[in-house]
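Source file final36.cif; content: mmCIF, C-alpha atoms and all ligand atoms.
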data_structure
#
loop_
_atom_site.label_atom_id
_atom_site.label_comp_id
_atom_site.auth_asym_id
_atom_site.auth_seq_id
_atom_site.Cartn_x
_atom_site.Cartn_y
_atom_site.Cartn_z
CA MET A 1 -173.49 21.38 86.08
CA PHE A 2 -170.00 21.17 84.66
CA ALA A 3 -168.44 24.54 85.43
CA ILE A 4 -165.70 24.63 82.80
CA GLN A 5 -166.36 27.00 79.90
CA SER A 6 -165.40 25.78 76.46
CA THR A 7 -163.30 28.28 74.55
CA LEU A 8 -163.92 26.48 71.25
CA THR A 9 -166.74 27.34 68.87
CA GLU A 10 -169.27 24.64 68.03
CA GLU A 11 -167.84 24.45 64.52
CA GLU A 12 -164.29 24.02 65.84
CA LYS A 13 -165.47 21.19 68.12
CA TRP A 14 -167.21 19.49 65.22
CA HIS A 15 -164.16 19.79 62.98
CA PHE A 16 -161.63 18.69 65.60
CA ASP A 17 -163.76 15.76 66.72
CA LEU A 18 -164.19 14.61 63.13
CA HIS A 19 -160.67 15.20 61.82
CA GLY A 20 -158.36 15.55 64.84
CA PHE A 21 -156.88 18.90 63.82
CA LEU A 22 -157.65 22.58 63.20
CA VAL A 23 -155.79 25.11 61.07
CA LEU A 24 -155.77 28.69 62.37
CA ARG A 25 -154.98 31.29 59.71
CA ASN A 26 -152.88 34.47 60.05
CA VAL A 27 -152.08 34.00 63.72
CA ILE A 28 -148.61 35.55 63.62
CA PRO A 29 -148.20 38.88 61.77
CA PRO A 30 -145.45 39.14 59.09
CA ASP A 31 -143.25 41.51 61.14
CA LYS A 32 -143.14 39.01 64.05
CA ILE A 33 -142.34 36.15 61.66
CA GLU A 34 -139.48 38.22 60.28
CA GLU A 35 -138.15 38.90 63.79
CA MET A 36 -138.36 35.21 64.69
CA LEU A 37 -136.59 34.14 61.51
CA ALA A 38 -133.77 36.63 62.09
CA ILE A 39 -133.19 35.21 65.60
CA LEU A 40 -133.46 31.60 64.45
CA ASN A 41 -131.15 32.13 61.46
CA HIS A 42 -128.60 33.61 63.85
CA TRP A 43 -128.88 30.56 66.13
CA LEU A 44 -128.49 28.31 63.08
CA SER A 45 -125.39 30.16 61.88
CA ILE A 46 -123.32 30.28 65.10
CA ASP A 47 -121.23 27.45 66.41
CA GLU A 48 -123.24 25.00 68.49
CA SER A 49 -121.05 25.74 71.51
CA GLU A 50 -122.03 29.44 71.37
CA LEU A 51 -125.74 28.75 71.61
CA PRO A 52 -126.86 29.96 75.07
CA ALA A 53 -127.95 27.11 77.38
CA PRO A 54 -130.38 25.48 77.75
CA MET A 55 -130.94 25.77 74.00
CA ARG A 56 -129.55 22.85 72.06
CA ARG A 57 -129.10 22.35 68.34
CA SER A 58 -129.24 18.86 66.89
CA ARG A 59 -129.77 17.00 63.68
CA GLN A 60 -132.49 14.42 63.26
CA GLU A 61 -132.34 12.50 60.00
CA PRO A 62 -130.11 14.10 57.35
CA CYS A 63 -132.75 16.69 56.48
CA LYS A 64 -133.86 18.10 59.85
CA THR A 65 -132.11 20.46 62.25
CA HIS A 66 -133.78 21.18 65.58
CA ILE A 67 -133.22 23.90 68.17
CA ASP A 68 -134.78 22.89 71.49
CA HIS A 69 -136.09 25.11 74.31
CA ILE A 70 -136.13 28.35 72.24
CA GLN A 71 -138.46 30.04 74.74
CA TYR A 72 -135.47 30.16 77.13
CA GLY A 73 -133.49 31.95 74.41
CA HIS A 74 -135.82 34.84 73.49
CA LYS A 75 -139.01 36.35 74.86
CA LEU A 76 -140.66 36.32 71.42
CA PHE A 77 -141.01 32.56 71.76
CA GLN A 78 -142.60 32.90 75.20
CA ASP A 79 -145.10 35.30 73.64
CA LEU A 80 -145.76 32.68 70.97
CA ALA A 81 -146.42 29.97 73.59
CA MET A 82 -148.96 32.33 75.16
CA ASN A 83 -150.43 33.68 71.94
CA PRO A 84 -154.14 34.16 72.78
CA ASP A 85 -155.37 32.63 69.49
CA ILE A 86 -153.29 29.51 70.11
CA ILE A 87 -154.01 29.30 73.84
CA ARG A 88 -157.75 29.64 73.20
CA VAL A 89 -157.77 26.46 71.13
CA VAL A 90 -155.21 24.62 73.28
CA SER A 91 -157.31 25.45 76.37
CA GLY A 92 -160.47 24.28 74.67
CA LEU A 93 -158.84 20.89 74.14
CA THR A 94 -157.43 20.51 77.67
CA MET A 95 -160.29 21.52 80.01
CA ASN A 96 -158.66 24.97 80.28
CA ALA A 97 -155.64 23.36 81.96
CA PRO A 98 -152.76 23.15 79.47
CA ARG A 99 -149.10 22.60 80.32
CA LEU A 100 -146.41 23.29 77.74
CA PHE A 101 -144.00 20.37 77.96
CA HIS A 102 -142.02 20.47 74.73
CA TYR A 103 -140.89 23.32 72.47
CA ASN A 104 -138.60 23.33 69.48
CA PHE A 105 -137.81 24.84 66.12
CA THR A 106 -137.29 22.66 63.05
CA MET A 107 -135.56 23.42 59.77
CA MET A 108 -136.15 20.81 57.08
CA THR A 109 -134.42 20.75 53.71
CA LYS A 110 -135.42 19.16 50.41
CA TYR A 111 -135.67 15.45 50.91
CA ASP A 112 -137.59 12.66 49.29
CA SER A 113 -136.82 9.55 51.27
CA LEU A 114 -139.83 7.61 52.52
CA GLN A 115 -141.19 8.59 55.94
CA SER A 116 -143.65 6.59 58.02
CA PHE A 117 -146.64 7.71 60.07
CA HIS A 118 -146.41 7.76 63.84
CA ARG A 119 -148.33 8.79 66.94
CA ASP A 120 -146.42 10.70 69.61
CA ASP A 121 -145.58 9.18 72.95
CA SER A 122 -142.79 9.91 75.39
CA GLY A 123 -140.88 6.73 74.78
CA PHE A 124 -143.15 4.19 76.47
CA LYS A 125 -145.06 1.94 74.08
CA PHE A 126 -148.25 0.35 75.35
CA PRO A 127 -148.91 -3.18 74.05
CA PRO A 128 -151.32 -3.51 71.10
CA GLY A 129 -154.95 -3.04 72.08
CA PHE A 130 -154.18 -0.60 74.92
CA ARG A 131 -155.10 3.05 74.81
CA ASN A 132 -152.20 5.25 75.89
CA PRO A 133 -153.74 7.18 78.83
CA HIS A 134 -151.10 9.89 78.34
CA ASN A 135 -152.28 10.48 74.81
CA ASP A 136 -156.02 10.31 75.09
CA TYR A 137 -158.93 11.64 73.13
CA GLN A 138 -162.53 11.87 74.35
CA ALA A 139 -165.57 14.04 73.68
CA ALA A 140 -168.68 14.39 75.85
CA SER A 141 -171.02 17.03 77.37
CA GLY A 142 -170.06 19.65 74.79
CA HIS A 143 -166.36 19.31 75.61
CA ILE A 144 -163.30 17.81 74.02
CA TYR A 145 -160.48 16.30 76.04
CA CYS A 146 -157.25 15.79 74.17
CA SER A 147 -154.49 15.15 76.69
CA HIS A 148 -151.50 15.30 74.31
CA LEU A 149 -151.54 17.79 71.47
CA ALA A 150 -149.16 19.78 69.32
CA THR A 151 -149.03 23.05 67.45
CA TRP A 152 -147.18 23.36 64.15
CA VAL A 153 -146.42 27.01 63.44
CA ALA A 154 -145.44 27.81 59.83
CA LEU A 155 -142.65 30.40 59.55
CA VAL A 156 -142.47 30.07 55.76
CA ASP A 157 -145.13 29.30 53.16
CA VAL A 158 -145.89 25.60 52.82
CA PRO A 159 -147.24 24.88 49.32
CA PRO A 160 -149.72 22.08 48.56
CA GLU A 161 -148.47 18.46 48.43
CA THR A 162 -145.60 18.97 50.86
CA GLY A 163 -145.11 19.93 54.52
CA PHE A 164 -147.02 18.36 57.37
CA CYS A 165 -149.00 15.21 56.54
CA LEU A 166 -151.72 13.48 58.55
CA VAL A 167 -154.48 10.89 58.36
CA PRO A 168 -157.69 12.79 59.18
CA GLY A 169 -159.80 11.07 61.85
CA SER A 170 -157.07 8.61 62.88
CA HIS A 171 -156.95 10.06 66.42
CA LYS A 172 -160.00 7.88 67.07
CA SER A 173 -159.01 4.83 65.05
CA LEU A 174 -158.84 1.59 67.05
CA PHE A 175 -157.68 -0.63 64.21
CA GLN A 176 -154.20 -1.65 63.15
CA THR A 177 -152.67 0.86 60.73
CA PRO A 178 -152.03 -0.77 57.33
CA ALA A 179 -148.32 -1.31 56.72
CA ASN A 180 -146.45 1.15 54.50
CA LEU A 181 -149.15 3.80 54.28
CA PRO A 182 -147.32 6.44 52.20
CA VAL A 183 -146.70 9.80 53.90
CA LYS A 184 -147.91 12.05 51.12
CA HIS A 185 -150.97 13.94 49.93
CA ASN A 186 -153.19 11.00 49.04
CA PRO A 187 -156.78 11.93 49.92
CA PRO A 188 -159.02 10.75 51.42
CA THR A 189 -156.58 8.62 53.47
CA SER A 190 -153.84 11.17 54.02
CA ILE A 191 -153.53 14.87 53.34
CA THR A 192 -150.85 17.53 53.50
CA LEU A 193 -151.84 20.96 54.76
CA PRO A 194 -151.03 23.99 52.61
CA MET A 195 -150.13 26.84 54.96
CA GLN A 196 -148.93 30.43 54.75
CA ALA A 197 -146.24 31.79 57.04
CA GLY A 198 -148.08 32.74 60.25
CA ASP A 199 -150.67 29.93 60.07
CA VAL A 200 -150.84 27.38 62.88
CA THR A 201 -152.05 23.78 62.81
CA ILE A 202 -153.17 22.31 66.14
CA PHE A 203 -153.56 18.54 66.23
CA SER A 204 -154.05 15.54 68.47
CA THR A 205 -150.71 13.74 68.47
CA ASN A 206 -152.74 10.53 68.50
CA LEU A 207 -153.38 11.32 64.83
CA LEU A 208 -151.18 9.38 62.44
CA HIS A 209 -148.81 12.08 61.22
CA ASP A 210 -145.31 12.82 59.96
CA ALA A 211 -143.39 15.23 57.76
CA SER A 212 -144.11 14.69 54.09
CA PRO A 213 -140.98 15.00 51.91
CA TRP A 214 -140.08 18.68 51.51
CA THR A 215 -140.03 19.65 47.85
CA GLN A 216 -139.03 23.33 47.85
CA ASP A 217 -135.61 24.90 47.28
CA TYR A 218 -135.96 27.06 50.43
CA PRO A 219 -135.97 25.28 53.82
CA ARG A 220 -139.13 24.41 55.69
CA MET A 221 -139.01 26.44 58.94
CA ASN A 222 -141.55 25.73 61.66
CA ILE A 223 -142.06 25.75 65.40
CA PHE A 224 -143.46 22.77 67.24
CA GLN A 225 -144.99 23.00 70.71
CA ARG A 226 -146.56 20.16 72.69
CA TYR A 227 -149.11 20.57 75.47
CA GLN A 228 -150.55 18.10 77.99
CA LEU A 229 -153.20 18.25 80.68
CA SER A 230 -151.63 20.37 83.41
CA ALA A 231 -153.35 18.67 86.32
CA TYR A 232 -151.84 15.19 86.08
CA PHE A 233 -149.08 14.53 83.64
CA ASN A 234 -145.41 15.27 83.71
CA GLU A 235 -144.34 12.72 81.17
CA SER A 236 -140.97 14.18 80.43
CA GLY A 237 -139.90 13.59 84.05
CA LYS A 238 -136.29 14.47 84.84
CA GLY A 239 -135.16 17.28 82.60
CA GLY A 240 -138.75 18.20 81.71
CA TYR A 241 -140.25 21.67 81.82
CA PRO A 242 -139.95 23.98 83.57
CA LEU A 243 -136.13 23.96 83.53
CA ASP A 244 -135.52 25.25 87.05
CA GLU A 245 -131.84 25.86 86.50
CA TYR A 246 -132.79 28.47 83.85
CA ARG A 247 -135.75 29.92 85.74
CA ASP A 248 -134.35 33.46 85.33
CA LYS A 249 -134.57 33.23 81.52
CA ILE A 250 -138.37 33.05 81.40
CA SER A 251 -141.22 35.13 82.81
CA ASP A 252 -143.35 34.06 85.78
CA GLU A 253 -146.27 33.42 83.41
CA GLN A 254 -144.13 31.25 81.18
CA TYR A 255 -142.86 29.32 84.22
CA GLU A 256 -146.46 28.78 85.27
CA LEU A 257 -147.48 27.63 81.77
CA GLU A 258 -144.75 24.97 81.91
CA SER A 259 -145.60 23.84 85.46
CA LEU A 260 -147.98 21.19 86.72
CA SER A 261 -150.95 22.95 88.29
CA LYS A 262 -154.64 22.56 88.96
CA ASP A 263 -155.17 26.34 89.03
CA ILE A 264 -156.29 28.41 86.07
CA LYS A 265 -153.08 29.82 84.63
CA ALA A 266 -152.64 33.51 83.78
CA ALA A 267 -152.24 32.72 80.06
CA VAL A 268 -155.62 30.92 80.14
CA GLN A 269 -157.43 33.39 82.38
CA ARG A 270 -156.74 36.08 79.80
CA ILE A 271 -158.71 34.33 77.07
CA LEU A 272 -161.62 32.95 79.09
CA PRO A 273 -164.97 34.53 78.28
CA TYR A 274 -166.04 36.88 81.09
CA GLY A 275 -162.59 36.37 82.68
CA GLY A 276 -163.59 32.86 83.75
CA GLU A 277 -166.71 33.93 85.71
CA GLU A 278 -170.02 32.22 85.03
O1 LIG A 301 -141.73 17.74 61.40
C1 LIG A 301 -142.91 17.44 61.30
O2 LIG A 301 -143.66 17.93 60.45
C2 LIG A 301 -143.49 16.42 62.26
C3 LIG A 301 -142.68 16.25 63.50
C4 LIG A 301 -143.27 15.27 64.45
O3 LIG A 301 -144.28 14.69 64.21
C5 LIG A 301 -142.63 15.00 65.74
O4 LIG A 301 -141.55 15.55 66.01
O5 LIG A 301 -143.18 14.21 66.54
FE FE A 302 -144.96 13.47 65.92
#
Would it be possible to restate this file's structure as structure tokens?
Amino acid sequence: MFAIQSTLTEEEKWHFDLHGFLVLRNVIPPDKIEEMLAILNHWLSIDESELPAPMRRSRQEPCKTHIDHIQYGHKLFQDLAMNPDIIRVVSGLTMNAPRLFHYNFTMMTKYDSLQSFHRDDSGFKFPPGFRNPHNDYQAASGHIYCSHLATWVALVDVPPETGFCLVPGSHKSLFQTPANLPVKHNPPTSITLPMQAGDVTIFSTNLLHDASPWTQDYPRMNIFQRYQLSAYFNESGKGGYPLDEYRDKISDEQYELESLSKDIKAAVQRILPYGGEE
């Protein structure tokens, strides 16, 4: 018998297998969102040189500002990486062995230039016809295995027809993506996900996805975390998590969550039914 317990419900497995994503509602309470926004707004307002290392602020495209490695800047973001509601689903997708390998905050302003769908990789493109073994999706024996996944945590309300856009089911598609598929709410091919501040979307990064143009006058503020299977992969290589030079800025549990390991991590143990015992 396969000893791993699935932390997903049967309905969650069905939905994730069919669509490649799940939306969790009301994960972060409003007072925590407020605290996070106050910290992030401070980090956005100060000069880049004043931002404590290893955090780094950068601009991607004219409309997006990122702050990387925020969990090394404040404990609130370590708590978020270990949030039991998030870890339960992340564990259920990674054989209870997740490793956090990427963590940033994004601010996006109003923008309507055309985006294009992508799948995440870490810079190495496999030739057409190959499956990227570092970004894999399989389901069998009542389990899902999704070796490269992301969380998208809404810190502000995301109204319909804007925000994060994806092509449901494309995590399993083996055919060439049609050229110029528009990144917008265009069901059934692509959808945007209306979210409230505190909601979290968890998705296979093998899904075709991208940011739909942001249409609101206030900025889109969200947190983006990526997890991989802890047992094998360390795709980010040199400079990847955990950042040993800044070891003293994170807790032991956070360090463990970012490390390669075949053991059950403390953050996972906490959410396993019966504490992981059969
Ligand atoms: O900003 C977004 O909504 C998507 C970001 C994304 O897909 C990525 O950084 O790989
Ligand atoms: Fe992406």
With a distance cut-off of 8 Å and only C-alpha atoms, select the neighbouring residues of region 214-231 of chain A, excluding the residue or stretch itself and same-chain residues fewer than 4 positions from it, and output the selection as an MDAnalysis selection string. chainID A and resid 81 90 94:95 97:112 147:156 158 162:163 259:262
Would you list the residues that come within 9 Å of ligand FE 302 (chain A)? Count all atoms listed in the file and give the answer as a compact mmCIF listing (two decimals) with C-alpha atoms, in the coordinates of the input.
# COMPACT_ATOMS: atom_id res chain seq x y z
CA PHE A 117 -146.64 7.71 60.07
CA HIS A 118 -146.41 7.76 63.84
CA ARG A 119 -148.33 8.79 66.94
CA ASP A 120 -146.42 10.70 69.61
CA ASP A 121 -145.58 9.18 72.95
CA ALA A 150 -149.16 19.78 69.32
CA THR A 205 -150.71 13.74 68.47
CA ASN A 206 -152.74 10.53 68.50
CA LEU A 207 -153.38 11.32 64.83
CA LEU A 208 -151.18 9.38 62.44
CA HIS A 209 -148.81 12.08 61.22
CA ASP A 210 -145.31 12.82 59.96
CA ALA A 211 -143.39 15.23 57.76
Report as a ChimeraX atom specification all protein, DNA and RNA residues lying within 12 Å of region 248-255 of chain A, evaluated on only C-alpha atoms, omitting residues in the same chain fewer than 3 positions from it. /A:52-55,69-83,98-101,241-245,258-261,264-270
Between CA of Thr189 (chain A) and CA of Lys64 (chain A), what is the distance in Å, rounded to a tenth? 25.4 Å
Edge lengths and centre in Å to one decimal, as lines of an AutoDock Vina configuration file, of the axis-aligned box that encloses all listed atoms of ligand LIG 301 (chain A) with 4 Å added on every side?
center_x = -142.9
center_y = 16.1
center_z = 63.5
size_x = 10.7
size_y = 11.7
size_z = 14.1
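If you look at CA of Cys146 (chain A) and CA of Leu22 (chain A), they are 12.9 Å away from each other.
The space separating CA of Val167 (chain A) from CA of Phe21 (chain A) comes to 10.0 Å.
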Tell me which protein, DNA and RNA residues are within 8 Å of Ile28 (chain A), counting all atoms listed in the file, leaving out same-chain ones fewer than 4 positions away, and put them as JSON, numbers by chain. {"A": [32, 33, 197, 198, 199]}
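Taking only C-alpha atoms and all ligand atoms into account, ligand LIG 301 (chain A) lies nearest to A:Val183 out of the set A:Val183, A:Leu272, A:Leu24, A:Leu18.
Comparing the minimum interatomic distances between ligand LIG 301 (chain A) and each of A:Leu193, A:Met36, A:Leu51, A:Ile271, counting all atoms listed in the file, we find that A:Leu193 sits nearest.
For the choices A:Asn234, A:Ser204, A:Thr177, A:Ser212, the atom-to-atom distance to ligand LIG 301 (chain A) is smallest for A:Ser212 when using only C-alpha atoms and all ligand atoms.
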Give me the residues within 8 Å of Asp17 (chain A) as an MDAnalysis selection string, counting only C-alpha atoms and dropping any in the same chain fewer than 4 places off. chainID A and resid 13 139 144 169
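Proximity ranking of A:Pro213, A:Gly92, A:Pro182, A:Pro84 relative to Tyr145 (chain A) places A:Gly92 first, based on all atoms listed in the file.
For the set A:Tyr246, A:Tyr137, A:Phe130, A:Phe164, the residue with the smallest atom-to-atom gap to ligand LIG 301 (chain A) is A:Phe164, counting all atoms listed in the file.
Of the listed residues A:His134, A:Arg247, A:Lys184, A:Lys172, the one whose atoms come nearest to ligand LIG 301 (chain A) is A:Lys184, with distances taken using only C-alpha atoms and all ligand atoms.
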